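Participant: Below is one structure. I have some questions about it.
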Amino acid sequence: MKCTAVAHSNIAFTKYWGKQDEVLRIPANSNISMNLSDLYTTTTVEFHTSYSVDEIIIDGKKDEKETQRVVTHLNTIRKKAGITQQAKVMSQNTFPTSTGLSSSASGFAALTLAAVTAAGLQLKDKELSILARLGSGSACRSIPDGFVEWVKGESSESSYAYSIYPKNHWDIVDIVLIVSDEKKIVPTTDGHKLAWTSPFFKDRLLRMNEKNILCKKYIAERDFKSFGTLVESEALEMHAVMITSKPSLIYWLPHTVFLMKQIQFMRKNGLEIYFTVNTGQDLHVLCEKKHLKRAVHELSYIKEIKKCIINTPSEGAKLSTTHLF
Ligand code: PMV
């Protein structure tokens, strides 16, 4: 059977950095995110006896490393479904990959839903989230709708993401500021392993539970000022762990830091905006929808920004009838 799924990337408000279990991708702490409307992946999967090997095409290209990771995931799904047929997989992203915009989150969420359905399985969101997590940790957060929490759990079965609120709970916007298309130097999977080498990591873990409780409270109350303040300092704290790892991981470029200072300056001048950043150079700016026009206008004067992508909260992974082949 041939199936297609669309899944959106997500932005973490409290971050997943460091794992309890490397192989099962069980995170060291629970974390909270929102799906992003304009960063998404469409993936078509077909299992068929006529295919002699798995063929994986991502954004029109075949890449050996990516193929290996996708085939491993297909093997897990084939085993679960009790099938042996090889597959053709075609995937298309609406945004640059491997630059820190979480293409593996949308990619593995779309792949999981399309492949599971093409293999003849019907799984609930919880099971899909667990499976997606095995492909890429943050992919488990792109399965449920809107605002999402990934509960760390103690085992594979108890580590999954669920929807805290649907997309229409809160009119907030995430503006991605692209500063460069440069690929990140250290893949995220390798970066996670280094978290434990930072002298600050264990201390961070002690406070994550309280941070998550506060983050959910601010989302529930739609308290943007408290929410933004928490999210921005959380991103900087994750990067403090990265920077103090051994060896040190610095994902930012000079323009990234320049923009952080610009955003803080704009905030001082009365515009309620906050930033967050993942394993890359591009920033995510968060604001309430009522301030979007002014934010975009002020950001348009900054020549260091190559491109802006405006995202509203989005639904989770869904099947589509428009196949890529
Ligand atoms: O799912 P991964 O292995 O790509 O890790 C994601 C790590 C961060 O983007 C830095 C944080 C997060 O929670 O999304």
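Numbering starts fresh at 1 for the residues of each chain in the structure tokens, the chains themselves are lettered A, B, ... in the order given, and ligands are numbered from 1 as they appear.
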Write as a PyMOL selection string the residues around ligand 1, taking 9 Å as the cut-off and counting only C-alpha atoms and all ligand atoms.
Facilitator: chain A and resi 10-18+25+31-33+100-105+133+135-141+187-192+235+238-239+277-280
Participant: Residues at most 7 Å from Asp282 (chain A), counting only C-alpha atoms, excluding those fewer than 2 positions away in the same chain, as a ChimeraX atom specification?
Facilitator: /A:176-179,256,277,280,284
Participant: When DSSP is applied to the backbone of this structure, which of region 111-311 of chain A are assigned strand (DSSP E)? Write them out as a PDB file with N, CA, C and O atoms, in the first residue's frame.
Facilitator:
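Written output follows (part_30.pdb):
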ATOM      1  N   PHE A 147       0.029  22.300  21.329  1.00  0.00           N
ATOM      2  CA  PHE A 147       0.997  22.472  22.419  1.00  0.00           C
ATOM      3  C   PHE A 147       1.172  21.089  23.075  1.00  0.00           C
ATOM      4  O   PHE A 147       0.180  20.427  23.417  1.00  0.00           O
ATOM      5  N   VAL A 148       2.426  20.691  23.272  1.00  0.00           N
ATOM      6  CA  VAL A 148       2.707  19.280  23.545  1.00  0.00           C
ATOM      7  C   VAL A 148       3.695  19.112  24.704  1.00  0.00           C
ATOM      8  O   VAL A 148       4.618  19.910  24.852  1.00  0.00           O
ATOM      9  N   GLU A 149       3.478  18.080  25.498  1.00  0.00           N
ATOM     10  CA  GLU A 149       4.507  17.702  26.489  1.00  0.00           C
ATOM     11  C   GLU A 149       5.015  16.299  26.185  1.00  0.00           C
ATOM     12  O   GLU A 149       4.223  15.382  25.949  1.00  0.00           O
ATOM     13  N   TRP A 150       6.338  16.147  26.204  1.00  0.00           N
ATOM     14  CA  TRP A 150       6.962  14.822  26.096  1.00  0.00           C
ATOM     15  C   TRP A 150       7.329  14.398  27.512  1.00  0.00           C
ATOM     16  O   TRP A 150       8.217  14.996  28.116  1.00  0.00           O
ATOM     17  N   VAL A 151       6.600  13.402  28.040  1.00  0.00           N
ATOM     18  CA  VAL A 151       6.936  12.906  29.386  1.00  0.00           C
ATOM     19  C   VAL A 151       8.095  11.942  29.252  1.00  0.00           C
ATOM     20  O   VAL A 151       8.040  11.014  28.443  1.00  0.00           O
ATOM     21  N   TYR A 160       6.657   9.240  25.894  1.00  0.00           N
ATOM     22  CA  TYR A 160       5.904   9.645  24.696  1.00  0.00           C
ATOM     23  C   TYR A 160       5.363  11.065  24.899  1.00  0.00           C
ATOM     24  O   TYR A 160       5.370  11.601  26.015  1.00  0.00           O
ATOM     25  N   ALA A 161       4.870  11.649  23.800  1.00  0.00           N
ATOM     26  CA  ALA A 161       4.340  13.015  23.875  1.00  0.00           C
ATOM     27  C   ALA A 161       2.826  13.011  23.711  1.00  0.00           C
ATOM     28  O   ALA A 161       2.273  12.177  22.999  1.00  0.00           O
ATOM     29  N   TYR A 162       2.182  13.956  24.361  1.00  0.00           N
ATOM     30  CA  TYR A 162       0.727  14.091  24.260  1.00  0.00           C
ATOM     31  C   TYR A 162       0.387  15.585  24.146  1.00  0.00           C
ATOM     32  O   TYR A 162       1.196  16.448  24.511  1.00  0.00           O
ATOM     33  N   SER A 163      -0.825  15.857  23.645  1.00  0.00           N
ATOM     34  CA  SER A 163      -1.241  17.243  23.444  1.00  0.00           C
ATOM     35  C   SER A 163      -1.732  17.843  24.763  1.00  0.00           C
ATOM     36  O   SER A 163      -2.654  17.301  25.383  1.00  0.00           O
ATOM     37  N   ILE A 164      -1.132  18.969  25.167  1.00  0.00           N
ATOM     38  CA  ILE A 164      -1.626  19.660  26.372  1.00  0.00           C
ATOM     39  C   ILE A 164      -2.826  20.518  25.975  1.00  0.00           C
ATOM     40  O   ILE A 164      -3.826  20.587  26.679  1.00  0.00           O
ATOM     41  N   TYR A 165      -2.690  21.215  24.807  1.00  0.00           N
ATOM     42  CA  TYR A 165      -3.766  22.057  24.280  1.00  0.00           C
ATOM     43  C   TYR A 165      -3.761  21.975  22.756  1.00  0.00           C
ATOM     44  O   TYR A 165      -2.696  21.836  22.158  1.00  0.00           O
ATOM     45  N   ILE A 172      -0.252  32.673  19.528  1.00  0.00           N
ATOM     46  CA  ILE A 172       1.130  33.146  19.536  1.00  0.00           C
ATOM     47  C   ILE A 172       1.801  32.777  18.217  1.00  0.00           C
ATOM     48  O   ILE A 172       1.304  31.924  17.479  1.00  0.00           O
ATOM     49  N   VAL A 173       2.904  33.458  17.950  1.00  0.00           N
ATOM     50  CA  VAL A 173       3.582  33.286  16.662  1.00  0.00           C
ATOM     51  C   VAL A 173       5.049  32.985  16.917  1.00  0.00           C
ATOM     52  O   VAL A 173       5.654  33.514  17.853  1.00  0.00           O
ATOM     53  N   ASP A 174       5.614  32.122  16.068  1.00  0.00           N
ATOM     54  CA  ASP A 174       7.051  31.820  16.115  1.00  0.00           C
ATOM     55  C   ASP A 174       7.637  32.277  14.778  1.00  0.00           C
ATOM     56  O   ASP A 174       7.282  31.742  13.733  1.00  0.00           O
ATOM     57  N   ILE A 175       8.492  33.310  14.830  1.00  0.00           N
ATOM     58  CA  ILE A 175       9.121  33.797  13.588  1.00  0.00           C
ATOM     59  C   ILE A 175      10.539  33.238  13.546  1.00  0.00           C
ATOM     60  O   ILE A 175      11.364  33.558  14.412  1.00  0.00           O
ATOM     61  N   VAL A 176      10.807  32.399  12.549  1.00  0.00           N
ATOM     62  CA  VAL A 176      12.162  31.862  12.410  1.00  0.00           C
ATOM     63  C   VAL A 176      12.994  32.886  11.663  1.00  0.00           C
ATOM     64  O   VAL A 176      12.600  33.350  10.583  1.00  0.00           O
ATOM     65  N   LEU A 177      14.135  33.247  12.232  1.00  0.00           N
ATOM     66  CA  LEU A 177      15.036  34.181  11.560  1.00  0.00           C
ATOM     67  C   LEU A 177      16.213  33.370  11.014  1.00  0.00           C
ATOM     68  O   LEU A 177      17.034  32.870  11.788  1.00  0.00           O
ATOM     69  N   ILE A 178      16.263  33.222   9.706  1.00  0.00           N
ATOM     70  CA  ILE A 178      17.354  32.453   9.085  1.00  0.00           C
ATOM     71  C   ILE A 178      18.553  33.396   8.931  1.00  0.00           C
ATOM     72  O   ILE A 178      18.437  34.448   8.295  1.00  0.00           O
ATOM     73  N   TYR A 274      10.513  37.564  22.516  1.00  0.00           N
ATOM     74  CA  TYR A 274      11.529  36.743  23.190  1.00  0.00           C
ATOM     75  C   TYR A 274      12.114  35.789  22.162  1.00  0.00           C
ATOM     76  O   TYR A 274      11.464  35.477  21.166  1.00  0.00           O
ATOM     77  N   PHE A 275      13.344  35.301  22.424  1.00  0.00           N
ATOM     78  CA  PHE A 275      13.914  34.346  21.465  1.00  0.00           C
ATOM     79  C   PHE A 275      14.147  32.988  22.113  1.00  0.00           C
ATOM     80  O   PHE A 275      14.230  32.864  23.327  1.00  0.00           O
ATOM     81  N   THR A 276      14.252  31.982  21.251  1.00  0.00           N
ATOM     82  CA  THR A 276      14.777  30.682  21.659  1.00  0.00           C
ATOM     83  C   THR A 276      15.600  30.158  20.490  1.00  0.00           C
ATOM     84  O   THR A 276      15.502  30.670  19.369  1.00  0.00           O
ATOM     85  N   VAL A 277      16.464  29.177  20.753  1.00  0.00           N
ATOM     86  CA  VAL A 277      17.384  28.695  19.712  1.00  0.00           C
ATOM     87  C   VAL A 277      17.739  27.236  20.000  1.00  0.00           C
ATOM     88  O   VAL A 277      17.851  26.840  21.155  1.00  0.00           O
ATOM     89  N   LEU A 283      17.514  31.815  14.785  1.00  0.00           N
ATOM     90  CA  LEU A 283      16.747  32.101  16.004  1.00  0.00           C
ATOM     91  C   LEU A 283      15.260  31.922  15.767  1.00  0.00           C
ATOM     92  O   LEU A 283      14.771  32.100  14.651  1.00  0.00           O
ATOM     93  N   HIS A 284      14.541  31.588  16.815  1.00  0.00           N
ATOM     94  CA  HIS A 284      13.082  31.607  16.792  1.00  0.00           C
ATOM     95  C   HIS A 284      12.671  32.788  17.668  1.00  0.00           C
ATOM     96  O   HIS A 284      13.094  32.865  18.829  1.00  0.00           O
ATOM     97  N   VAL A 285      11.841  33.688  17.119  1.00  0.00           N
ATOM     98  CA  VAL A 285      11.325  34.809  17.902  1.00  0.00           C
ATOM     99  C   VAL A 285       9.865  34.527  18.217  1.00  0.00           C
ATOM    100  O   VAL A 285       9.081  34.190  17.332  1.00  0.00           O
ATOM    101  N   LEU A 286       9.506  34.657  19.495  1.00  0.00           N
ATOM    102  CA  LEU A 286       8.123  34.402  19.907  1.00  0.00           C
ATOM    103  C   LEU A 286       7.438  35.715  20.249  1.00  0.00           C
ATOM    104  O   LEU A 286       8.033  36.572  20.924  1.00  0.00           O
ATOM    105  N   CYS A 287       6.202  35.874  19.757  1.00  0.00           N
ATOM    106  CA  CYS A 287       5.410  37.047  20.147  1.00  0.00           C
ATOM    107  C   CYS A 287       3.929  36.694  20.092  1.00  0.00           C
ATOM    108  O   CYS A 287       3.547  35.654  19.543  1.00  0.00           O
ATOM    109  N   GLU A 288       3.108  37.551  20.672  1.00  0.00           N
ATOM    110  CA  GLU A 288       1.666  37.355  20.542  1.00  0.00           C
ATOM    111  C   GLU A 288       1.253  37.891  19.168  1.00  0.00           C
ATOM    112  O   GLU A 288       1.882  38.807  18.637  1.00  0.00           O
ATOM    113  N   LYS A 307      16.145  35.605   5.906  1.00  0.00           N
ATOM    114  CA  LYS A 307      14.764  35.237   5.590  1.00  0.00           C
ATOM    115  C   LYS A 307      13.997  35.051   6.893  1.00  0.00           C
ATOM    116  O   LYS A 307      14.587  34.604   7.891  1.00  0.00           O
ATOM    117  N   CYS A 308      12.695  35.384   6.887  1.00  0.00           N
ATOM    118  CA  CYS A 308      11.823  35.113   8.049  1.00  0.00           C
ATOM    119  C   CYS A 308      10.778  34.077   7.652  1.00  0.00           C
ATOM    120  O   CYS A 308      10.211  34.168   6.560  1.00  0.00           O
ATOM    121  N   ILE A 309      10.516  33.122   8.529  1.00  0.00           N
ATOM    122  CA  ILE A 309       9.410  32.177   8.292  1.00  0.00           C
ATOM    123  C   ILE A 309       8.443  32.325   9.470  1.00  0.00           C
ATOM    124  O   ILE A 309       8.829  32.112  10.627  1.00  0.00           O
ATOM    125  N   ILE A 310       7.214  32.737   9.155  1.00  0.00           N
ATOM    126  CA  ILE A 310       6.231  33.002  10.221  1.00  0.00           C
ATOM    127  C   ILE A 310       5.376  31.760  10.468  1.00  0.00           C
ATOM    128  O   ILE A 310       4.751  31.232   9.540  1.00  0.00           O
ATOM    129  N   ASN A 311       5.375  31.304  11.711  1.00  0.00           N
ATOM    130  CA  ASN A 311       4.624  30.099  12.078  1.00  0.00           C
ATOM    131  C   ASN A 311       3.586  30.400  13.147  1.00  0.00           C
ATOM    132  O   ASN A 311       3.873  31.084  14.121  1.00  0.00           O
TER     133      ASN A 311
END
Participant: Pick out the residues sitting within 7 Å of region 109-124 of chain A, and hand them over as an mmCIF file with C-alpha atoms, in the first residue's frame; count only C-alpha atoms, and ignore anything fewer than 6 positions along from it in its own chain.
Facilitator:
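Done, and the output landed in part-v1.cif:
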data_model
loop_
_atom_site.group_PDB
_atom_site.id
_atom_site.type_symbol
_atom_site.label_atom_id
_atom_site.label_comp_id
_atom_site.auth_asym_id
_atom_site.auth_seq_id
_atom_site.Cartn_x
_atom_site.Cartn_y
_atom_site.Cartn_z
ATOM 1 C CA MET A 1 0.000 0.000 0.000
ATOM 2 C CA LYS A 2 1.101 3.587 -0.661
ATOM 3 C CA CYS A 3 0.529 6.195 2.064
ATOM 4 C CA THR A 4 1.465 9.839 2.540
ATOM 5 C CA ALA A 5 1.701 11.832 5.752
ATOM 6 C CA VAL A 6 2.385 15.465 6.595
ATOM 7 C CA ALA A 7 4.071 16.382 9.889
ATOM 8 C CA THR A 41 7.642 17.521 5.835
ATOM 9 C CA THR A 42 5.516 15.503 3.412
ATOM 10 C CA THR A 43 6.500 11.836 3.089
ATOM 11 C CA THR A 44 5.160 9.067 0.845
ATOM 12 C CA VAL A 45 5.969 5.423 1.652
ATOM 13 C CA GLU A 46 5.153 2.384 -0.437
ATOM 14 C CA PHE A 47 5.965 -1.221 0.517
ATOM 15 C CA ILE A 77 8.005 -0.869 11.585
ATOM 16 C CA ALA A 81 3.693 -5.221 11.180
ATOM 17 C CA LEU A 131 7.680 4.809 17.484
ATOM 18 C CA ALA A 132 8.581 8.264 16.118
ATOM 19 C CA ALA A 139 9.866 13.609 16.397
ATOM 20 C CA CYS A 140 7.617 12.179 19.124
ATOM 21 C CA SER A 142 5.345 16.260 16.164
ATOM 22 C CA ILE A 143 2.709 13.499 16.352
ATOM 23 C CA ALA A 317 0.899 14.547 11.997
#
Participant: Need the shell around Thr49 (chain A): protein/DNA/RNA residues with any atom at most 8 Å away, counting only C-alpha atoms. Skip same-chain ones fewer than 3 positions apart. Format as a PyMOL selection string?
Facilitator: chain A and resi 52+85-86
Participant: Selected residues, C-alpha atoms, written as a short mmCIF file (atom, residue, chain, number, x, y, z; two decimals), in the first residue's frame, please.
Facilitator:
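Generated file (result29.cif):
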data_model
loop_
_atom_site.label_atom_id
_atom_site.label_comp_id
_atom_site.auth_asym_id
_atom_site.auth_seq_id
_atom_site.Cartn_x
_atom_site.Cartn_y
_atom_site.Cartn_z
CA SER A 52 14.45 -5.24 -4.24
CA GLN A 85 8.58 -6.03 1.60
CA GLN A 86 11.10 -3.34 0.70
#
Participant: Under the rule that only C-alpha atoms are counted, which of A:Phe108, A:Tyr251, A:Phe325, A:Phe224 is the nearest residue to His291 (chain A)?
Facilitator: A:Phe224
Participant: Would you please work out which residue, of A:Lys126, A:Lys65, A:Arg267, A:His8, is nearest to Arg294 (chain A) when using only C-alpha atoms?
Facilitator: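 Under the stated criterion, the closest residue is A:Arg267.
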Participant: Calculate how many Å separate CA of Val241 (chain A) from CA of Asn29 (chain A), rounding to one decimal.
Facilitator: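 CA of Asn29 (chain A) lies at a distance of 14.1 Å from CA of Val241 (chain A).
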Participant: Write out as a ChimeraX atom specification all residues of region 117-261 of chain A that DSSP puts in helix (DSSP H, G or I) for this structure's backbone.
Facilitator: /A:117-118,125-135,137-142,156-158,167-169,188-197,201-221,224-243,254-261
Participant: May I have the residues within 12 Å of Gly270 (chain A) as a list in words, using only C-alpha atoms and disregarding those fewer than 4 positions away in the same chain?
Facilitator: Lys225, Ile263, Gln264, Phe265, Met266, Tyr274, His291, Arg294, Ala295 and Glu298 of chain A
Participant: CA of Thr312 (chain A) and CA of Gln262 (chain A), how far apart in Å?
Facilitator: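 About the pair CA of Gln262 (chain A) and CA of Thr312 (chain A): they are 22.5 Å apart.
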Participant: For each of A:Val70, A:Gly228, A:Val89, A:Lys216, take the minimum atom-to-atom distance to Tyr51 (chain A), counting only C-alpha atoms, then give the residue where this is smallest.
Facilitator: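 Closest candidate: A:Val89.
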Participant: Counting only C-alpha atoms, figure out which residue out of A:Leu205, A:Glu22, A:His323, A:Ser91 gets nearest to Glu55 (chain A).
Facilitator: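 Selected residue with least distance to Glu55 (chain A): A:Ser91.
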Participant: I'd like to know which of A:Leu253, A:Val296, A:Leu236, A:Ile302 is closest to Asp181 (chain A), using only C-alpha atoms.
Facilitator: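 The closest residue to Asp181 (chain A) is A:Leu253.
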Participant: With only C-alpha atoms as the atoms that count, which of A:Asp54, A:Glu154, A:Glu315, A:Glu272 lies nearest to Val71 (chain A)?
Facilitator: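 Selected residue with least distance to Val71 (chain A): A:Asp54.
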